$ cat data28.tsv   # TSV, N, CA and C atoms
chain	number	residue	atom	x	y	z
A	19	MET	N	44.85	39.12	28.26
A	19	MET	CA	44.61	37.92	27.49
A	19	MET	C	43.20	37.92	26.89
A	20	LYS	N	42.24	38.31	27.71
A	20	LYS	CA	40.86	38.36	27.23
A	20	LYS	C	40.70	39.38	26.12
A	21	ILE	N	41.44	40.45	26.19
A	21	ILE	CA	41.35	41.50	25.19
A	21	ILE	C	41.86	40.97	23.84
A	22	LYS	N	42.91	40.14	23.86
A	22	LYS	CA	43.44	39.57	22.62
A	22	LYS	C	42.39	38.70	21.93
A	23	TYR	N	41.70	37.87	22.71
A	23	TYR	CA	40.65	37.00	22.14
A	23	TYR	C	39.50	37.82	21.59
A	24	LEU	N	39.16	38.89	22.28
A	24	LEU	CA	38.08	39.76	21.83
A	24	LEU	C	38.47	40.42	20.50
A	25	ILE	N	39.70	40.90	20.39
A	25	ILE	CA	40.16	41.56	19.17
A	25	ILE	C	40.21	40.55	18.00
A	26	ILE	N	40.68	39.34	18.28
A	26	ILE	CA	40.73	38.30	17.24
A	26	ILE	C	39.33	37.93	16.78
A	27	THR	N	38.39	37.79	17.69
A	27	THR	CA	37.01	37.46	17.35
A	27	THR	C	36.38	38.55	16.50
A	28	ILE	N	36.60	39.80	16.87
A	28	ILE	CA	36.05	40.93	16.10
A	28	ILE	C	36.66	40.94	14.70
A	29	ALA	N	37.95	40.67	14.60
A	29	ALA	CA	38.63	40.66	13.30
A	29	ALA	C	38.06	39.54	12.41
A	30	LEU	N	37.86	38.36	12.97
A	30	LEU	CA	37.31	37.25	12.19
A	30	LEU	C	35.88	37.54	11.71
A	31	VAL	N	35.08	38.10	12.58
A	31	VAL	CA	33.70	38.43	12.20
A	31	VAL	C	33.71	39.49	11.10
A	32	THR	N	34.59	40.49	11.23
A	32	THR	CA	34.67	41.55	10.23
A	32	THR	C	35.13	40.99	8.88
A	33	LEU	N	36.17	40.15	8.90
A	33	LEU	CA	36.67	39.57	7.65
A	33	LEU	C	35.65	38.64	7.00
A	34	SER	N	34.95	37.89	7.80
A	34	SER	CA	33.97	36.97	7.22
A	34	SER	C	32.79	37.71	6.62
A	35	SER	N	32.53	38.92	7.06
A	35	SER	CA	31.42	39.67	6.48
A	35	SER	C	31.74	40.14	5.07
A	36	PHE	N	33.05	40.22	4.72
A	36	PHE	CA	33.45	40.63	3.38
A	36	PHE	C	33.54	39.45	2.41
A	37	ALA	N	33.46	38.27	2.91
A	37	ALA	CA	33.58	37.08	2.05
A	37	ALA	C	32.36	36.98	1.15
A	38	LYS	N	32.62	36.54	-0.08
A	38	LYS	CA	31.51	36.35	-1.02
A	38	LYS	C	30.91	34.98	-0.79
A	39	PHE	N	29.70	34.98	-0.42
A	39	PHE	CA	28.98	33.71	-0.25
A	39	PHE	C	27.57	33.93	-0.76
A	40	ASN	N	27.29	33.30	-1.85
A	40	ASN	CA	25.97	33.42	-2.43
A	40	ASN	C	25.34	32.04	-2.44
A	41	SER	N	24.43	31.81	-1.55
A	41	SER	CA	23.83	30.48	-1.44
A	41	SER	C	23.04	30.11	-2.69
A	42	ALA	N	22.58	31.09	-3.44
A	42	ALA	CA	21.83	30.79	-4.65
A	42	ALA	C	22.72	30.17	-5.72
A	43	GLU	N	24.02	30.54	-5.70
A	43	GLU	CA	24.94	29.96	-6.67
A	43	GLU	C	25.27	28.51	-6.33
A	44	LYS	N	25.36	28.26	-5.06
A	44	LYS	CA	25.77	26.93	-4.62
A	44	LYS	C	24.62	25.94	-4.62
A	45	TYR	N	23.45	26.40	-4.27
A	45	TYR	CA	22.30	25.52	-4.14
A	45	TYR	C	21.19	25.98	-5.07
A	46	SER	N	20.65	25.06	-5.79
A	46	SER	CA	19.58	25.39	-6.73
A	46	SER	C	18.27	25.58	-5.96
A	47	THR	N	17.56	26.60	-6.33
A	47	THR	CA	16.25	26.81	-5.70
A	47	THR	C	15.13	26.31	-6.60
A	48	THR	N	15.50	25.65	-7.69
A	48	THR	CA	14.50	25.09	-8.58
A	48	THR	C	13.83	23.91	-7.89
A	49	PRO	N	12.52	23.94	-7.80
A	49	PRO	CA	11.85	22.82	-7.13
A	49	PRO	C	12.04	21.52	-7.90
A	50	ILE	N	12.20	20.48	-7.17
A	50	ILE	CA	12.37	19.16	-7.77
A	50	ILE	C	11.00	18.61	-8.11
A	51	LYS	N	10.88	18.21	-9.35
A	51	LYS	CA	9.62	17.62	-9.78
A	51	LYS	C	9.73	16.11	-9.64
A	52	SER	N	8.78	15.55	-8.99
A	52	SER	CA	8.78	14.09	-8.87
A	52	SER	C	7.36	13.60	-9.11
A	53	GLU	N	7.32	12.47	-9.71
A	53	GLU	CA	6.02	11.87	-9.98
A	53	GLU	C	5.74	10.86	-8.89
A	54	VAL	N	4.63	11.05	-8.26
A	54	VAL	CA	4.20	10.10	-7.24
A	54	VAL	C	2.94	9.44	-7.76
A	55	ILE	N	3.03	8.15	-7.92
A	55	ILE	CA	1.86	7.42	-8.41
A	55	ILE	C	1.13	6.88	-7.20
A	56	VAL	N	-0.06	7.36	-7.01
A	56	VAL	CA	-0.87	6.91	-5.89
A	56	VAL	C	-1.95	6.00	-6.45
A	57	GLN	N	-1.87	4.78	-6.03
A	57	GLN	CA	-2.86	3.83	-6.49
A	57	GLN	C	-3.93	3.70	-5.41
A	58	GLN	N	-5.12	4.07	-5.77
A	58	GLN	CA	-6.21	4.02	-4.81
A	58	GLN	C	-6.71	2.59	-4.69
A	59	GLN	N	-7.13	2.28	-3.47
A	59	GLN	CA	-7.70	0.96	-3.25
A	59	GLN	C	-9.07	0.89	-3.89
A	60	SER	N	-9.36	-0.28	-4.46
A	60	SER	CA	-10.69	-0.49	-5.00
A	60	SER	C	-11.64	-0.74	-3.84
A	61	GLU	N	-12.90	-0.69	-4.13
A	61	GLU	CA	-13.91	-0.93	-3.09
A	61	GLU	C	-13.77	-2.35	-2.54
A	62	GLY	N	-13.45	-3.30	-3.41
A	62	GLY	CA	-13.26	-4.68	-2.97
A	62	GLY	C	-12.10	-4.81	-2.00
A	63	GLU	N	-10.99	-4.12	-2.29
A	63	GLU	CA	-9.83	-4.14	-1.40
A	63	GLU	C	-10.18	-3.56	-0.03
A	64	LYS	N	-10.93	-2.48	-0.04
A	64	LYS	CA	-11.33	-1.85	1.23
A	64	LYS	C	-12.19	-2.79	2.07
A	65	LEU	N	-13.12	-3.46	1.40
A	65	LEU	CA	-14.00	-4.39	2.13
A	65	LEU	C	-13.20	-5.56	2.69
A	66	ILE	N	-12.25	-6.07	1.92
A	66	ILE	CA	-11.43	-7.17	2.39
A	66	ILE	C	-10.59	-6.73	3.59
A	67	ALA	N	-10.06	-5.52	3.53
A	67	ALA	CA	-9.23	-5.01	4.62
A	67	ALA	C	-10.02	-4.90	5.93
A	68	LYS	N	-11.30	-4.63	5.83
A	68	LYS	CA	-12.16	-4.50	7.01
A	68	LYS	C	-12.65	-5.86	7.52
A	69	SER	N	-12.53	-6.88	6.70
A	69	SER	CA	-13.08	-8.20	7.04
A	69	SER	C	-12.06	-9.06	7.76
A	70	ASP	N	-12.46	-10.27	8.09
A	70	ASP	CA	-11.54	-11.21	8.71
A	70	ASP	C	-10.84	-12.09	7.66
A	71	CYS	N	-11.03	-11.80	6.39
A	71	CYS	CA	-10.44	-12.59	5.30
A	71	CYS	C	-8.91	-12.60	5.39
A	72	ILE	N	-8.34	-11.48	5.82
A	72	ILE	CA	-6.88	-11.37	5.83
A	72	ILE	C	-6.23	-12.27	6.89
A	73	GLY	N	-7.01	-12.85	7.75
A	73	GLY	CA	-6.46	-13.80	8.71
A	73	GLY	C	-6.06	-15.11	8.06
A	74	CYS	N	-6.71	-15.46	6.96
A	74	CYS	CA	-6.45	-16.75	6.30
A	74	CYS	C	-5.96	-16.60	4.85
A	75	HIS	N	-6.11	-15.42	4.28
A	75	HIS	CA	-5.74	-15.22	2.87
A	75	HIS	C	-4.81	-14.03	2.73
A	76	ASN	N	-4.01	-14.08	1.68
A	76	ASN	CA	-3.08	-13.01	1.34
A	76	ASN	C	-3.19	-12.79	-0.17
A	77	LYS	N	-2.80	-11.64	-0.62
A	77	LYS	CA	-2.91	-11.32	-2.05
A	77	LYS	C	-2.05	-12.25	-2.90
A	78	ASP	N	-0.81	-12.52	-2.45
A	78	ASP	CA	0.11	-13.26	-3.29
A	78	ASP	C	0.64	-14.57	-2.70
A	79	LYS	N	0.40	-14.80	-1.41
A	79	LYS	CA	0.96	-15.99	-0.76
A	79	LYS	C	-0.13	-16.78	-0.06
A	80	LYS	N	0.03	-18.10	-0.10
A	80	LYS	CA	-0.88	-18.99	0.62
A	80	LYS	C	-0.62	-18.81	2.11
A	81	VAL	N	-1.67	-18.64	2.87
A	81	VAL	CA	-1.57	-18.58	4.33
A	81	VAL	C	-2.24	-19.84	4.82
A	82	VAL	N	-3.45	-19.74	5.34
A	82	VAL	CA	-4.24	-20.93	5.68
A	82	VAL	C	-5.02	-21.35	4.44
A	83	GLY	N	-5.63	-20.36	3.82
A	83	GLY	CA	-6.34	-20.58	2.57
A	83	GLY	C	-5.50	-20.11	1.40
A	84	PRO	N	-5.99	-20.29	0.20
A	84	PRO	CA	-5.22	-19.92	-0.99
A	84	PRO	C	-5.01	-18.41	-1.11
A	85	ALA	N	-3.97	-18.04	-1.84
A	85	ALA	CA	-3.73	-16.64	-2.15
A	85	ALA	C	-4.81	-16.15	-3.11
A	86	TYR	N	-5.14	-14.89	-3.04
A	86	TYR	CA	-6.15	-14.33	-3.95
A	86	TYR	C	-5.72	-14.50	-5.40
A	87	SER	N	-4.43	-14.35	-5.66
A	87	SER	CA	-3.95	-14.50	-7.04
A	87	SER	C	-4.14	-15.94	-7.54
A	88	ASP	N	-4.03	-16.93	-6.64
A	88	ASP	CA	-4.27	-18.32	-7.04
A	88	ASP	C	-5.75	-18.56	-7.33
A	89	ILE	N	-6.61	-17.94	-6.56
A	89	ILE	CA	-8.05	-18.05	-6.80
A	89	ILE	C	-8.38	-17.45	-8.17
A	90	ALA	N	-7.76	-16.30	-8.46
A	90	ALA	CA	-8.00	-15.63	-9.74
A	90	ALA	C	-7.52	-16.48	-10.92
A	91	LYS	N	-6.44	-17.22	-10.72
A	91	LYS	CA	-5.93	-18.10	-11.79
A	91	LYS	C	-6.89	-19.27	-12.03
A	92	LYS	N	-7.49	-19.75	-10.95
A	92	LYS	CA	-8.35	-20.94	-11.06
A	92	LYS	C	-9.73	-20.62	-11.64
A	93	TYR	N	-10.26	-19.47	-11.30
A	93	TYR	CA	-11.63	-19.13	-11.70
A	93	TYR	C	-11.65	-17.93	-12.64
A	94	PRO	N	-12.03	-18.14	-13.90
A	94	PRO	CA	-12.21	-17.00	-14.80
A	94	PRO	C	-13.31	-16.07	-14.27
A	95	SER	N	-13.16	-14.81	-14.52
A	95	SER	CA	-14.14	-13.84	-14.03
A	95	SER	C	-15.37	-13.84	-14.94
A	96	ASN	N	-16.39	-14.58	-14.50
A	96	ASN	CA	-17.68	-14.58	-15.20
A	96	ASN	C	-18.77	-14.69	-14.13
A	97	ASN	N	-19.99	-14.44	-14.53
A	97	ASN	CA	-21.10	-14.41	-13.56
A	97	ASN	C	-21.27	-15.74	-12.82
A	98	LYS	N	-21.07	-16.86	-13.53
A	98	LYS	CA	-21.22	-18.17	-12.91
A	98	LYS	C	-20.21	-18.35	-11.77
A	99	ASN	N	-18.95	-18.03	-12.03
A	99	ASN	CA	-17.92	-18.18	-11.00
A	99	ASN	C	-18.08	-17.16	-9.87
A	100	ILE	N	-18.49	-15.95	-10.21
A	100	ILE	CA	-18.71	-14.93	-9.18
A	100	ILE	C	-19.80	-15.40	-8.23
A	101	ASP	N	-20.92	-15.86	-8.77
A	101	ASP	CA	-22.02	-16.35	-7.93
A	101	ASP	C	-21.58	-17.55	-7.09
A	102	TYR	N	-20.81	-18.46	-7.70
A	102	TYR	CA	-20.33	-19.64	-6.99
A	102	TYR	C	-19.45	-19.23	-5.80
A	103	LEU	N	-18.50	-18.32	-6.05
A	103	LEU	CA	-17.59	-17.91	-4.99
A	103	LEU	C	-18.28	-17.08	-3.91
A	104	VAL	N	-19.24	-16.27	-4.29
A	104	VAL	CA	-20.02	-15.53	-3.29
A	104	VAL	C	-20.71	-16.52	-2.36
A	105	GLY	N	-21.30	-17.57	-2.94
A	105	GLY	CA	-21.94	-18.60	-2.13
A	105	GLY	C	-20.97	-19.31	-1.21
A	106	LYS	N	-19.75	-19.59	-1.71
A	106	LYS	CA	-18.74	-20.26	-0.89
A	106	LYS	C	-18.30	-19.37	0.28
A	107	VAL	N	-18.14	-18.09	0.03
A	107	VAL	CA	-17.72	-17.18	1.10
A	107	VAL	C	-18.79	-17.09	2.18
A	108	ILE	N	-20.03	-16.99	1.76
A	108	ILE	CA	-21.13	-16.83	2.72
A	108	ILE	C	-21.40	-18.14	3.47
A	109	ALA	N	-21.41	-19.27	2.74
A	109	ALA	CA	-21.75	-20.55	3.37
A	109	ALA	C	-20.54	-21.26	3.97
A	110	GLY	N	-19.36	-21.00	3.44
A	110	GLY	CA	-18.16	-21.72	3.87
A	110	GLY	C	-18.03	-23.01	3.09
A	111	GLY	N	-17.03	-23.81	3.43
A	111	GLY	CA	-16.86	-25.09	2.75
A	111	GLY	C	-15.43	-25.57	2.84
A	112	SER	N	-15.20	-26.74	2.25
A	112	SER	CA	-13.85	-27.31	2.24
A	112	SER	C	-13.72	-28.26	1.06
A	113	GLY	N	-12.49	-28.71	0.84
A	113	GLY	CA	-12.25	-29.71	-0.19
A	113	GLY	C	-11.71	-29.17	-1.48
A	114	VAL	N	-12.00	-27.93	-1.82
A	114	VAL	CA	-11.54	-27.38	-3.09
A	114	VAL	C	-10.04	-27.04	-3.02
A	115	TRP	N	-9.60	-26.48	-1.91
A	115	TRP	CA	-8.22	-26.05	-1.75
A	115	TRP	C	-7.47	-26.86	-0.68
A	116	GLY	N	-8.04	-27.95	-0.26
A	116	GLY	CA	-7.41	-28.76	0.77
A	116	GLY	C	-8.42	-29.16	1.82
A	117	THR	N	-7.93	-29.70	2.92
A	117	THR	CA	-8.83	-30.23	3.95
A	117	THR	C	-9.25	-29.20	5.00
A	118	VAL	N	-8.55	-28.08	5.06
A	118	VAL	CA	-8.91	-27.06	6.06
A	118	VAL	C	-10.17	-26.34	5.59
A	119	PRO	N	-11.23	-26.39	6.39
A	119	PRO	CA	-12.48	-25.74	5.96
A	119	PRO	C	-12.42	-24.22	6.11
A	120	MET	N	-13.12	-23.56	5.20
A	120	MET	CA	-13.30	-22.12	5.34
A	120	MET	C	-14.61	-21.91	6.09
A	121	LEU	N	-14.54	-21.15	7.15
A	121	LEU	CA	-15.76	-20.86	7.90
A	121	LEU	C	-16.67	-19.97	7.07
A	122	GLY	N	-17.96	-20.14	7.27
A	122	GLY	CA	-18.93	-19.31	6.56
A	122	GLY	C	-18.97	-17.90	7.12
A	123	HIS	N	-19.48	-17.00	6.32
A	123	HIS	CA	-19.63	-15.60	6.70
A	123	HIS	C	-21.07	-15.15	6.43
A	124	PRO	N	-22.02	-15.74	7.14
A	124	PRO	CA	-23.43	-15.44	6.85
A	124	PRO	C	-23.85	-14.01	7.18
A	125	THR	N	-23.05	-13.29	7.96
A	125	THR	CA	-23.42	-11.92	8.31
A	125	THR	C	-22.98	-10.90	7.25
A	126	TYR	N	-22.15	-11.33	6.31
A	126	TYR	CA	-21.70	-10.42	5.26
A	126	TYR	C	-22.82	-10.19	4.26
A	127	LYS	N	-22.94	-8.97	3.79
A	127	LYS	CA	-23.93	-8.65	2.77
A	127	LYS	C	-23.49	-9.25	1.45
A	128	LYS	N	-24.45	-9.81	0.73
A	128	LYS	CA	-24.16	-10.47	-0.54
A	128	LYS	C	-23.49	-9.52	-1.53
A	129	GLU	N	-23.93	-8.29	-1.59
A	129	GLU	CA	-23.36	-7.31	-2.53
A	129	GLU	C	-21.92	-6.98	-2.17
A	130	ASP	N	-21.63	-6.91	-0.86
A	130	ASP	CA	-20.25	-6.65	-0.44
A	130	ASP	C	-19.35	-7.82	-0.82
A	131	VAL	N	-19.82	-9.04	-0.59
A	131	VAL	CA	-19.03	-10.22	-0.94
A	131	VAL	C	-18.82	-10.26	-2.46
A	132	LYS	N	-19.83	-9.90	-3.20
A	132	LYS	CA	-19.70	-9.88	-4.67
A	132	LYS	C	-18.63	-8.88	-5.10
A	133	THR	N	-18.58	-7.73	-4.46
A	133	THR	CA	-17.56	-6.72	-4.75
A	133	THR	C	-16.17	-7.26	-4.42
A	134	MET	N	-16.05	-7.96	-3.29
A	134	MET	CA	-14.76	-8.54	-2.90
A	134	MET	C	-14.33	-9.61	-3.90
A	135	VAL	N	-15.26	-10.47	-4.30
A	135	VAL	CA	-14.95	-11.55	-5.24
A	135	VAL	C	-14.53	-10.97	-6.60
A	136	LYS	N	-15.22	-9.95	-7.06
A	136	LYS	CA	-14.83	-9.33	-8.33
A	136	LYS	C	-13.42	-8.76	-8.26
A	137	TYR	N	-13.08	-8.16	-7.12
A	137	TYR	CA	-11.73	-7.65	-6.95
A	137	TYR	C	-10.73	-8.81	-7.00
A	138	ILE	N	-11.00	-9.87	-6.28
A	138	ILE	CA	-10.09	-11.02	-6.23
A	138	ILE	C	-9.88	-11.59	-7.64
A	139	LEU	N	-10.95	-11.74	-8.39
A	139	LEU	CA	-10.83	-12.30	-9.74
A	139	LEU	C	-10.14	-11.34	-10.70
A	140	SER	N	-10.12	-10.07	-10.36
A	140	SER	CA	-9.41	-9.09	-11.22
A	140	SER	C	-7.89	-9.19	-11.07
A	141	LEU	N	-7.42	-9.98	-10.12
A	141	LEU	CA	-5.98	-10.11	-9.88
A	141	LEU	C	-5.31	-11.12	-10.82
A	142	LYS	N	-6.07	-11.70	-11.71
A	142	LYS	CA	-5.51	-12.70	-12.62
A	142	LYS	C	-4.45	-12.04	-13.49
A	143	LYS	N	-3.29	-12.69	-13.53
A	143	LYS	CA	-2.16	-12.13	-14.30
A	143	LYS	C	-2.00	-12.87	-15.60
$ encode --input "data28.tsv" --output "structure tokens"
Amino acid sequence: MKIKYLIITIALVTLSSFAKFNSAEKYSTTPIKSEVIVQQQSEGEKLIAKSDCIGCHNKDKKVVGPAYSDIAKKYPSNNKNIDYLVGKVIAGGSGVWGTVPMLGHPTYKKEDVKTMVKYILSLKK
């Protein structure tokens, strides 16, 4: 009985070796070209990601404080508004967006806050 299985196995292996199978015909070896668009974070985005701002703010949705996109809609990007918002971030305040106060961030460097504010105001659609 074992000899019959051995003979059948040898016959199948021998016959399969004569079969035409060309993987190049069936499968293309041409590399697929795809475009990957990598959008790098701006310096302002990087600074915001490292800060505690994301606890109360989001790019597109109101959390505790307003969404960055809403801030961008309210304040045109000019030196007066940039300076005003830098001061608000550093000193804190309330009343502009509701009754919940924004805590001050006196330890943040003014230039870093300015970079963050410029990024936020660039989100105006």
$ atom_distance --input "data28.tsv" --atom1 "atom C of A:Tyr93" --atom2 "atom C of A:Pro124"
23.6 Å
$ closest_residue --input "data28.tsv" --among "A:Val118, A:Ala85, A:Ala109, A:Val104" --to "A:Lys136" --atoms "all atoms listed in the file"
A:Val104
$ residues_around --input "data28.tsv" --residues "A:Leu141" --least-positions-apart "2" --cutoff "6.5 Å" --atoms "all atoms listed in the file" --output "count of residues only"
9
$ residues_near_point --input "data28.tsv" --point "(-17.4, -18.3, 2.9)" --cutoff "9 Å" --atoms "only C-alpha atoms" --output "ChimeraX atom specification"
/A:103-111,120-124
$ atom_distance --input "data28.tsv" --atom1 "atom CA of A:Ala67" --atom2 "atom CA of A:Pro94"
23.0 Å
$ closest_residue --input "data28.tsv" --among "A:Lys92, A:Glu61, A:Lys80, A:Ile26" --to "A:Met134" --atoms "all atoms listed in the file"
A:Glu61
$ closest_residue --input "data28.tsv" --among "A:Val131, A:Trp115, A:Asn97, A:Gln59" --to "A:Pro84" --atoms "all atoms listed in the file"
A:Trp115
$ atom_distance --input "data28.tsv" --atom1 "atom CA of A:Ser60" --atom2 "atom CA of A:Val82"
23.9 Å
$ closest_residue --input "data28.tsv" --among "A:Asn96, A:Ser69, A:Ser112, A:Ser140" --to "A:Tyr126" --atoms "only C-alpha atoms"
A:Ser69
